[in-house]
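Trainee: First the structure, which I've put down as structure tokens, then a few questions once you've had a look.
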Amino acid sequence: MSLFLITSVCDEGVSESDFKVVEADSRLAIAQDILERPHDWEPFLRHTKLWWEPTYYEYKYGQPRGWSPADLLKQIDSTHVDGDSDYQFRIHEIKTIAKIPRLRVQSGGKVKGESS
């Protein structure tokens with residue numbers, strides 16, 4: 001299993017509610033989960049062009065959209081920021097985790113330079 005960074009970003013940047021890290025076998029596995037449980041992904045999909053497809057399309061037309069996980073990934077990768085109305089949704093595999101240099105800790109457990 002790998003770690004993936006999921007982001008939904010507008011022109012104002014990334015806030016705490018606009019990303020999460022998940023563990024999955026692949027980007028395709030995440031896309032499959034989105035197709036199966038789109039409402040669980042609403043915070044990330046709501047402000048993209050993708051929200052309609054896995055939710056309202058079936059409601060309006062009486063049948064699911066019929067996208068495969070690969071189809072959804074193509075759609076995800078085509079999202080883009082358009083002001084604060086359309087968000088860019090991405091699934092990034094985390095390949096390396098950088099460690100910060102060892103911090104010097106003072107007595108009392110505070111990092112040197114940290115204020116009270």
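Letters for chains follow the order of the structure tokens (A, B, ...), residue numbers begin at 1 for each chain, and ligand numbers begin at 1 in the order shown.
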Identify, on the basis of only C-alpha atoms, every residue whose closest approach to Glu16 (chain A) does not exceed 12 Å; exclude the query and any residue fewer than 4 positions from it along the same chain; express the result as a list of chain:residue names.

Mentor: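 After dropping sequence-adjacent residues, the list is A:Ile6, A:Thr7, A:Ser8, A:Val9, A:Lys20, A:Val21, A:Pro43, A:Phe44.
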
Trainee: Write out as a list of chain:residue names all residues of region 32-108 of chain A that DSSP puts in strand (DSSP E) for this structure's backbone.

Mentor: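 Result set for region 32-108 of chain A (strand (DSSP E)): A:Gln88, A:Phe89, A:Arg90, A:Ile91, A:His92, A:Glu93, A:Ile94.
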
Trainee: If you count only C-alpha atoms, which residues fall within 9 Å of Leu28 (chain A), apart from same-chain ones fewer than 5 positions away, as a CSV table (one decimal) with N, CA, C and O atoms, in the first residue's frame?

Mentor:
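In the end it all went to out-v7.csv:
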chain,number,residue,atom,x,y,z
A,33,ASP,N,-13.1,3.9,-5.4
A,33,ASP,CA,-13.8,4.2,-4.2
A,33,ASP,C,-14.7,5.5,-4.4
A,33,ASP,O,-15.8,5.6,-3.9
A,69,PRO,N,-12.8,3.4,-13.4
A,69,PRO,CA,-11.9,4.2,-12.6
A,69,PRO,C,-10.9,5.0,-13.5
A,69,PRO,O,-10.5,6.1,-13.2
A,70,ALA,N,-10.4,4.3,-14.6
A,70,ALA,CA,-9.5,5.0,-15.5
A,70,ALA,C,-10.1,6.2,-16.1
A,70,ALA,O,-9.5,7.3,-16.3
A,72,LEU,N,-12.5,8.1,-14.8
A,72,LEU,CA,-12.6,9.1,-13.7
A,72,LEU,C,-11.2,9.7,-13.5
A,72,LEU,O,-11.1,11.0,-13.4
A,73,LEU,N,-10.1,9.0,-13.5
A,73,LEU,CA,-8.8,9.6,-13.4
A,73,LEU,C,-8.5,10.6,-14.5
A,73,LEU,O,-7.9,11.6,-14.2

Trainee: Could you write out, as a VMD selection string, all the residues of chain A that DSSP marks as alpha helix (DSSP H)?

Mentor: chain A and resid 27 to 36 42 to 45 57 to 61 69 to 77

Trainee: Which residue gives the smallest distance to Gln75 (chain A) among A:Tyr56, A:Trp51, A:Tyr61, A:Phe19, with only C-alpha atoms counted?

Mentor: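 Going through A:Tyr56, A:Trp51, A:Tyr61, A:Phe19 one by one, the smallest distance to Gln75 (chain A) is for A:Trp51.
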
Trainee: If we count only C-alpha atoms and set the cut-off at 9 Å, which residues sit around Glu23 (chain A), ignoring sequence neighbours fewer than 5 positions away in its own chain? Please answer as a PyMOL selection string.

Mentor: chain A and resi 1-4

Trainee: Mind writing the picked residues with all heavy atoms as an mmCIF file, in the first residue's frame?

Mentor:
data_model
loop_
_atom_site.group_PDB
_atom_site.id
_atom_site.type_symbol
_atom_site.label_atom_id
_atom_site.label_comp_id
_atom_site.auth_asym_id
_atom_site.auth_seq_id
_atom_site.Cartn_x
_atom_site.Cartn_y
_atom_site.Cartn_z
ATOM 1 N N MET A 1 0.838 -1.181 0.000
ATOM 2 C CA MET A 1 0.000 0.000 0.000
ATOM 3 C C MET A 1 0.883 1.244 0.000
ATOM 4 O O MET A 1 1.919 1.266 0.626
ATOM 5 C CB MET A 1 -0.891 0.022 1.229
ATOM 6 C CG MET A 1 -1.964 -1.004 1.225
ATOM 7 S SD MET A 1 -3.513 -0.177 1.031
ATOM 8 C CE MET A 1 -4.606 -1.398 1.662
ATOM 9 N N SER A 2 0.410 2.255 -0.692
ATOM 10 C CA SER A 2 1.129 3.526 -0.780
ATOM 11 C C SER A 2 0.297 4.630 -0.145
ATOM 12 O O SER A 2 -0.907 4.485 0.044
ATOM 13 C CB SER A 2 1.379 3.887 -2.247
ATOM 14 O OG SER A 2 2.193 2.922 -2.856
ATOM 15 N N LEU A 3 0.962 5.736 0.125
ATOM 16 C CA LEU A 3 0.270 6.933 0.622
ATOM 17 C C LEU A 3 -0.008 7.852 -0.554
ATOM 18 O O LEU A 3 0.814 7.989 -1.452
ATOM 19 C CB LEU A 3 1.123 7.657 1.652
ATOM 20 C CG LEU A 3 1.388 6.916 2.954
ATOM 21 C CD1 LEU A 3 2.334 7.734 3.835
ATOM 22 C CD2 LEU A 3 0.094 6.620 3.684
ATOM 23 N N PHE A 4 -1.182 8.502 -0.513
ATOM 24 C CA PHE A 4 -1.582 9.431 -1.557
ATOM 25 C C PHE A 4 -2.081 10.716 -0.920
ATOM 26 O O PHE A 4 -2.795 10.683 0.078
ATOM 27 C CB PHE A 4 -2.699 8.829 -2.423
ATOM 28 C CG PHE A 4 -2.250 7.649 -3.229
ATOM 29 C CD1 PHE A 4 -2.260 6.374 -2.694
ATOM 30 C CD2 PHE A 4 -1.795 7.822 -4.529
ATOM 31 C CE1 PHE A 4 -1.834 5.285 -3.435
ATOM 32 C CE2 PHE A 4 -1.366 6.737 -5.278
ATOM 33 C CZ PHE A 4 -1.387 5.468 -4.728
#

Trainee: What gap, in Å, lies between CA of Asp18 (chain A) and CA of Trp52 (chain A)?

Mentor: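 It comes out at 19.1 Å.
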
Trainee: From the list A:Ile91, A:Gly66, A:Thr55, A:Ser78, which residue is nearest Ala29 (chain A) when using only C-alpha atoms?

Mentor: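 Of all the options, A:Ile91 lies closest to Ala29 (chain A).
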
Trainee: Looking at A:Pro54, A:Cys10, A:Leu5, A:Ser26, which one is nearest to Ile97 (chain A), with distances taken over only C-alpha atoms?

Mentor: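 Smallest distance to Ile97 (chain A) is found for A:Leu5.
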